[in-house]
>>> print(open('protein_19.cif').read())   # mmCIF, C-alpha atoms
data_target
loop_
_atom_site.label_atom_id
_atom_site.label_comp_id
_atom_site.auth_asym_id
_atom_site.auth_seq_id
_atom_site.Cartn_x
_atom_site.Cartn_y
_atom_site.Cartn_z
CA SER A 1215 101.62 91.20 89.65
CA ALA A 1216 103.57 88.18 88.43
CA VAL A 1217 104.19 87.71 84.72
CA ILE A 1218 103.52 84.14 83.69
CA SER A 1219 104.85 82.57 80.52
CA GLN A 1220 103.22 79.31 79.51
CA LYS A 1221 104.48 77.18 76.62
CA PRO A 1222 103.38 75.93 74.20
CA SER A 1223 100.37 78.15 73.63
CA ARG A 1224 98.72 75.42 71.60
CA ASP A 1225 99.46 72.01 70.17
CA ILE A 1226 97.82 69.25 68.20
CA CYS A 1227 98.91 65.79 69.29
CA GLN A 1228 98.16 62.22 68.35
CA ARG A 1229 96.53 59.87 70.77
CA GLY A 1230 98.92 57.77 72.82
CA THR A 1231 101.62 60.45 72.91
CA SER A 1232 102.57 62.79 75.75
CA LEU A 1233 102.94 66.56 75.94
CA THR A 1234 104.83 68.58 78.53
CA ILE A 1235 103.62 72.10 79.28
CA GLN A 1236 105.92 74.62 80.90
CA CYS A 1237 105.06 77.48 83.24
CA GLN A 1238 107.68 80.12 83.97
CA VAL A 1239 107.12 83.02 86.38
CA ASP A 1240 109.20 86.18 86.50
CA SER A 1241 109.37 86.16 90.30
CA GLN A 1242 109.40 83.62 93.10
CA VAL A 1243 105.93 82.52 94.13
CA THR A 1244 104.73 80.33 96.93
CA MET A 1245 101.87 78.60 95.20
CA MET A 1246 101.63 77.11 91.74
CA PHE A 1247 98.60 75.26 90.44
CA TRP A 1248 97.49 73.53 87.28
CA TYR A 1249 93.89 73.83 86.05
CA ARG A 1250 92.02 72.26 83.16
CA GLN A 1251 89.27 73.93 81.18
CA GLN A 1252 87.41 71.49 78.99
CA PRO A 1253 85.54 72.85 75.95
CA GLY A 1254 82.65 75.01 77.07
CA GLN A 1255 83.25 74.16 80.72
CA SER A 1256 84.57 75.83 83.80
CA LEU A 1257 88.03 75.45 85.27
CA THR A 1258 88.87 72.42 87.36
CA LEU A 1259 91.91 72.17 89.59
CA ILE A 1260 94.20 69.30 88.63
CA ALA A 1261 96.88 69.63 91.28
CA THR A 1262 99.03 71.84 93.44
CA ALA A 1263 102.67 71.87 92.34
CA ASN A 1264 104.86 71.63 95.43
CA GLN A 1265 108.44 72.81 95.27
CA GLY A 1266 110.85 69.96 95.89
CA SER A 1267 108.20 67.33 96.58
CA GLU A 1268 105.42 65.41 94.89
CA ALA A 1269 102.41 67.35 93.66
CA THR A 1270 99.09 67.17 95.50
CA TYR A 1271 96.37 65.90 93.18
CA GLU A 1272 92.65 66.60 93.35
CA SER A 1273 90.06 63.88 93.21
CA GLY A 1274 89.88 62.36 89.75
CA PHE A 1275 93.45 63.21 88.76
CA VAL A 1276 96.44 60.90 89.18
CA ILE A 1277 100.18 61.26 88.94
CA ASP A 1278 100.60 58.63 86.26
CA LYS A 1279 98.36 60.59 83.90
CA PHE A 1280 99.44 64.11 84.88
CA PRO A 1281 102.99 64.06 86.26
CA ILE A 1282 104.05 67.45 87.57
CA SER A 1283 107.45 68.85 88.41
CA ARG A 1284 108.38 71.97 90.34
CA PRO A 1285 112.13 72.20 90.76
CA ASN A 1286 112.15 75.78 92.11
CA LEU A 1287 109.91 78.71 93.04
CA THR A 1288 109.59 80.08 89.50
CA PHE A 1289 109.05 77.05 87.25
CA SER A 1290 106.74 74.07 86.88
CA THR A 1291 105.81 71.54 84.22
CA LEU A 1292 102.67 69.50 83.63
CA THR A 1293 102.80 66.43 81.41
CA VAL A 1294 99.66 65.01 79.86
CA SER A 1295 100.51 61.34 79.33
CA ASN A 1296 99.13 58.74 76.96
CA MET A 1297 96.72 61.25 75.54
CA SER A 1298 93.24 60.53 74.26
CA PRO A 1299 90.74 62.87 72.57
CA GLU A 1300 89.08 63.38 75.98
CA ASP A 1301 92.22 65.22 77.08
CA SER A 1302 91.55 67.99 74.57
CA SER A 1303 91.29 71.04 76.81
CA ILE A 1304 92.94 74.27 77.78
CA TYR A 1305 95.51 73.73 80.52
CA LEU A 1306 96.29 76.73 82.70
CA CYS A 1307 99.05 77.45 85.15
CA SER A 1308 98.22 79.76 88.03
CA VAL A 1309 100.43 81.28 90.70
CA GLY A 1310 100.01 83.18 93.92
CA ASP A 1311 101.27 83.98 97.37
CA PHE A 1312 99.42 83.83 100.65
CA TRP A 1313 99.95 87.54 101.11
CA ASP A 1314 99.06 88.51 97.55
CA SER A 1315 95.75 86.97 96.58
CA PRO A 1316 94.23 86.40 94.16
CA LEU A 1317 95.78 83.90 91.84
CA HIS A 1318 97.17 85.03 88.51
CA PHE A 1319 96.82 82.89 85.42
CA GLY A 1320 98.94 82.17 82.40
CA ASN A 1321 97.34 82.40 78.97
CA GLY A 1322 96.92 78.66 78.83
CA THR A 1323 97.86 75.83 76.49
CA ARG A 1324 95.16 74.79 74.07
CA LEU A 1325 95.60 71.07 73.48
CA THR A 1326 93.84 69.12 70.75
CA VAL A 1327 94.25 65.36 70.65
CA THR A 1328 93.40 63.59 67.41
CA GLY B 1090 82.79 71.22 100.20
CA ASN B 1091 82.96 74.63 98.65
CA SER B 1092 80.94 75.33 95.54
CA VAL B 1093 79.85 78.17 93.27
CA THR B 1094 76.57 78.35 91.40
CA GLN B 1095 76.55 80.86 88.59
CA MET B 1096 73.84 81.98 86.26
CA GLU B 1097 74.32 80.11 83.04
CA GLY B 1098 74.13 81.89 79.75
CA PRO B 1099 74.51 82.76 77.17
CA VAL B 1100 73.44 86.32 77.86
CA THR B 1101 72.89 88.67 74.95
CA LEU B 1102 72.42 92.39 75.51
CA SER B 1103 72.37 95.55 73.50
CA GLU B 1104 75.02 98.17 74.07
CA GLU B 1105 74.30 100.42 77.08
CA ALA B 1106 72.00 97.85 78.67
CA PHE B 1107 72.22 96.94 82.35
CA LEU B 1108 74.00 93.71 83.20
CA THR B 1109 73.51 91.35 86.12
CA ILE B 1110 75.14 87.95 86.37
CA ASN B 1111 74.07 86.06 89.46
CA CYS B 1112 76.50 84.11 91.60
CA THR B 1113 75.85 82.28 94.86
CA TYR B 1114 78.24 80.19 96.86
CA THR B 1115 78.47 77.51 99.51
CA ALA B 1116 81.51 77.55 101.74
CA THR B 1117 82.70 76.89 105.23
CA GLY B 1118 84.31 79.80 106.98
CA TYR B 1119 84.84 83.13 105.28
CA PRO B 1120 85.94 82.75 101.67
CA SER B 1121 87.28 85.41 99.37
CA LEU B 1122 85.20 85.95 96.25
CA PHE B 1123 86.29 86.84 92.74
CA TRP B 1124 85.07 87.54 89.27
CA TYR B 1125 87.38 86.54 86.44
CA VAL B 1126 86.90 87.41 82.78
CA GLN B 1127 88.08 85.55 79.69
CA TYR B 1128 88.00 87.58 76.49
CA PRO B 1129 87.87 85.68 73.20
CA GLY B 1130 91.20 84.01 72.51
CA GLU B 1131 92.78 85.28 75.70
CA GLY B 1132 93.67 83.95 79.12
CA LEU B 1133 91.86 84.41 82.39
CA GLN B 1134 92.07 87.83 84.00
CA LEU B 1135 90.98 88.99 87.41
CA LEU B 1136 88.12 91.49 87.10
CA LEU B 1137 87.40 92.24 90.75
CA LYS B 1138 87.48 90.72 94.19
CA ALA B 1139 86.08 91.02 97.72
CA THR B 1140 87.62 89.46 100.77
CA LYS B 1141 85.03 90.00 103.49
CA ALA B 1142 81.34 90.53 104.01
CA ASP B 1143 79.90 93.81 102.68
CA ASP B 1144 83.04 94.53 100.67
CA LYS B 1145 82.35 95.88 97.21
CA GLY B 1146 84.77 95.03 94.44
CA SER B 1147 84.82 97.25 91.38
CA ASN B 1148 86.75 97.60 88.15
CA LYS B 1149 86.07 98.87 84.62
CA GLY B 1150 82.53 99.87 85.61
CA PHE B 1151 81.73 96.41 86.98
CA GLU B 1152 80.73 95.98 90.62
CA ALA B 1153 79.96 93.09 92.95
CA THR B 1154 79.12 93.14 96.67
CA TYR B 1155 79.95 90.29 99.05
CA ARG B 1156 76.62 89.45 100.70
CA LYS B 1157 77.13 86.96 103.49
CA GLU B 1158 73.46 86.85 104.46
CA THR B 1159 72.45 85.69 100.99
CA THR B 1160 75.79 84.00 100.16
CA SER B 1161 75.89 85.94 96.92
CA PHE B 1162 78.33 87.94 94.82
CA HIS B 1163 76.34 89.15 91.83
CA LEU B 1164 78.18 90.99 89.06
CA GLU B 1165 76.63 94.21 87.75
CA LYS B 1166 77.40 96.89 85.22
CA GLY B 1167 75.19 99.84 84.48
CA SER B 1168 75.97 100.21 80.78
CA VAL B 1169 77.69 97.45 78.86
CA GLN B 1170 79.84 97.94 75.79
CA VAL B 1171 80.59 95.67 72.86
CA SER B 1172 84.10 95.26 74.28
CA ASP B 1173 82.61 93.62 77.39
CA SER B 1174 81.72 90.54 75.34
CA ALA B 1175 83.50 87.69 77.12
CA VAL B 1176 82.99 84.76 79.44
CA TYR B 1177 82.68 85.69 83.11
CA PHE B 1178 83.56 83.30 85.92
CA CYS B 1179 82.62 83.64 89.55
CA ALA B 1180 85.07 81.98 91.94
CA LEU B 1181 85.79 81.55 95.62
CA GLU B 1182 88.95 80.85 97.57
CA GLY B 1183 88.50 79.23 100.95
CA GLY B 1184 91.88 79.77 102.58
CA SER B 1185 94.02 77.25 100.71
CA GLU B 1186 94.72 79.47 97.69
CA LYS B 1187 92.77 76.96 95.58
CA LEU B 1188 90.01 78.51 93.51
CA VAL B 1189 86.61 76.93 92.96
CA PHE B 1190 84.94 78.26 89.83
CA GLY B 1191 81.41 78.56 88.62
CA LYS B 1192 80.55 77.26 85.17
CA GLY B 1193 80.97 80.61 83.48
CA THR B 1194 78.54 82.94 81.73
CA LYS B 1195 79.08 83.96 78.15
CA LEU B 1196 78.09 87.56 77.51
CA THR B 1197 77.56 88.94 74.03
CA VAL B 1198 76.93 92.66 73.62
CA ASN B 1199 75.53 93.80 70.29
CA PRO B 1200 75.99 97.32 68.93
#
>>> encode(input="protein_19.cif", output="structure tokens")
Amino acid sequence: SAVISQKPSRDICQRGTSLTIQCQVDSQVTMMFWYRQQPGQSLTLIATANQGSEATYESGFVIDKFPISRPNLTFSTLTVSNMSPEDSSIYLCSVGDFWDSPLHFGNGTRLTVT
Amino acid sequence: GNSVTQMEGPVTLSEEAFLTINCTYTATGYPSLFWYVQYPGEGLQLLLKATKADDKGSNKGFEATYRKETTSFHLEKGSVQVSDSAVYFCALEGGSEKLVFGKGTKLTVNP
């Protein structure tokens, strides 16, 4: 299975700032996704990172707040913009291929906004 | 749309007790079903999966059977250990590779 490296593993940020999270995979994958896990809650899909084109966002998430890049088949970034304490969550990258379900997850980035 | 309803915890058991965590789903078509586990301080790991009706997924002594007639995928283990203490998530994938998760069940196993 794919080995996923997600950075940073954790960060404490001030409100109003932005943080970019990186997801690096050791092999080419078709699908890359970003999930959010709020404290004590389940995982919610933020968006699908599309290689070479704009990400596809789920209801309730917008590009201005969560810009995503995916320049190739092994790398993606998620930026959490203009942060507020409500953005304090664990953000997880997940990857997969149509022929190799299920999705595999990175260890996540634990973000605290003060 | 697709959804997963999972027994909410927390669940506290003694070592060697029998575990059941209920999971039911709503989906169009024929989803694949998964159980993921999140140990304290760690990321999400796949525990087991089933891709069609009557399939049984199993791993580390855990089992779950895909029951289409009851739209369920309950997780069971005959004898839990302290090391099984974690949060367990039921999830489904409906053909788009996107996962829909249940709310998670925190399991604590006491010695």
>>> residues_around(input="protein_19.cif", residues="A:Ser1223", least_positions_apart="5", cutoff="9 Å", atoms="all atoms listed in the file", output="NGL selection string")
:A and (1235 or 1321-1325)
>>> residues_around(input="protein_19.cif", residues="stretch 1295-1302 of chain A", least_positions_apart="3", cutoff="6 Å", atoms="only C-alpha atoms", output="PyMOL selection string")
chain A and resi 1229-1232+1279+1325-1328
>>> interface_residues(input="protein_19.cif", of="chain A", to="chain B", cutoff="7 Å", atoms="all atoms listed in the file", output="list in words")
Gln1255, Ser1256, Leu1257, Phe1319, Gly1320, Asn1321 and Gly1322 of chain A
>>> atom_distance(input="protein_19.cif", atom1="atom CA of B:Phe1107", atom2="atom CA of B:Tyr1155")
19.6 Å
>>> closest_residue(input="protein_19.cif", among="B:Gln1095, B:Glu1105, B:Cys1112, B:Tyr1125", to="A:Leu1317", atoms="only C-alpha atoms")
B:Tyr1125
>>> atom_distance(input="protein_19.cif", atom1="atom CA of B:Thr1109", atom2="atom CA of B:Ala1139")
17.1 Å
>>> resolve_selection(input="protein_19.cif", expression="the PyMOL selection byres ((chain A and resi 1221) around 12)", output="count of residues only")
29
>>> resolve_selection(input="protein_19.cif", expression="the PyMOL selection byres ((chain B and resi 1097-1103) around 6)", output="ChimeraX atom specification")
/B:1096,1104,1106,1194-1199
>>> atom_distance(input="protein_19.cif", atom1="atom CA of B:Ala1116", atom2="atom CA of B:Thr1159")
12.2 Å
>>> resolve_selection(input="protein_19.cif", expression="the PyMOL selection byres ((chain A and resi 1249) around 6)", output="ChimeraX atom specification")
/A:1248,1250,1258-1260,1305-1306
>>> axis_aligned_box(input="protein_19.cif", around="stretch 1159-1167 of chain B", padding_each_side="4 Å", output="lines of an AutoDock Vina configuration file")
center_x = 75.4
center_y = 91.9
center_z = 92.7
size_x = 13.9
size_y = 23.8
size_z = 24.5
>>> residues_around(input="protein_19.cif", residues="stretch 1267-1271 of chain A", least_positions_apart="6", cutoff="8 Å", atoms="all atoms listed in the file", output="list in words")
Ile1260, Ala1261, Ile1277, Ile1282, Ser1283 and Arg1284 of chain A
>>> closest_residue(input="protein_19.cif", among="A:Gln1228, A:Ser1303, A:Gln1265, A:Thr1288", to="A:Gln1251", atoms="all atoms listed in the file")
A:Ser1303
>>> residues_around(input="protein_19.cif", residues="B:Gly1150", least_positions_apart="4", cutoff="12 Å", atoms="only C-alpha atoms", output="ChimeraX atom specification")
/B:1105,1107-1108,1136-1137,1146,1164-1170,1173
>>> build_atoms(input="protein_19.cif", residues="stretch 1142-1153 of chain B", atoms="N, CA, C and O atoms", output="CSV table (one decimal), keeping the file's coordinate frame")
chain,number,residue,atom,x,y,z
B,1142,ALA,N,82.7,90.2,104.1
B,1142,ALA,CA,81.3,90.5,104.0
B,1142,ALA,C,81.2,92.0,103.9
B,1142,ALA,O,81.9,92.8,104.6
B,1143,ASP,N,80.3,92.4,103.0
B,1143,ASP,CA,79.9,93.8,102.7
B,1143,ASP,C,81.0,94.6,101.9
B,1143,ASP,O,80.7,95.7,101.5
B,1144,ASP,N,82.1,93.9,101.6
B,1144,ASP,CA,83.0,94.5,100.7
B,1144,ASP,C,82.4,94.6,99.3
B,1144,ASP,O,81.7,93.8,98.8
B,1145,LYS,N,82.8,95.7,98.6
B,1145,LYS,CA,82.4,95.9,97.2
B,1145,LYS,C,83.6,95.9,96.4
B,1145,LYS,O,84.5,96.8,96.6
B,1146,GLY,N,83.7,95.0,95.4
B,1146,GLY,CA,84.8,95.0,94.4
B,1146,GLY,C,84.3,95.8,93.2
B,1146,GLY,O,83.1,95.7,92.8
B,1147,SER,N,85.2,96.5,92.6
B,1147,SER,CA,84.8,97.2,91.4
B,1147,SER,C,86.0,97.4,90.5
B,1147,SER,O,87.2,97.5,90.9
B,1148,ASN,N,85.7,97.4,89.2
B,1148,ASN,CA,86.8,97.6,88.2
B,1148,ASN,C,86.1,97.8,86.8
B,1148,ASN,O,85.1,97.0,86.5
B,1149,LYS,N,86.6,98.7,86.0
B,1149,LYS,CA,86.1,98.9,84.6
B,1149,LYS,C,84.6,99.1,84.6
B,1149,LYS,O,83.9,98.7,83.6
B,1150,GLY,N,84.0,99.6,85.6
B,1150,GLY,CA,82.5,99.9,85.6
B,1150,GLY,C,81.7,98.7,86.1
B,1150,GLY,O,80.5,98.8,86.4
B,1151,PHE,N,82.4,97.6,86.4
B,1151,PHE,CA,81.7,96.4,87.0
B,1151,PHE,C,81.8,96.5,88.5
B,1151,PHE,O,82.8,97.0,89.1
B,1152,GLU,N,80.8,96.0,89.2
B,1152,GLU,CA,80.7,96.0,90.6
B,1152,GLU,C,80.1,94.7,91.1
B,1152,GLU,O,79.3,94.1,90.4
B,1153,ALA,N,80.6,94.2,92.3
B,1153,ALA,CA,80.0,93.1,93.0
B,1153,ALA,C,80.1,93.3,94.4
B,1153,ALA,O,81.2,93.7,94.9
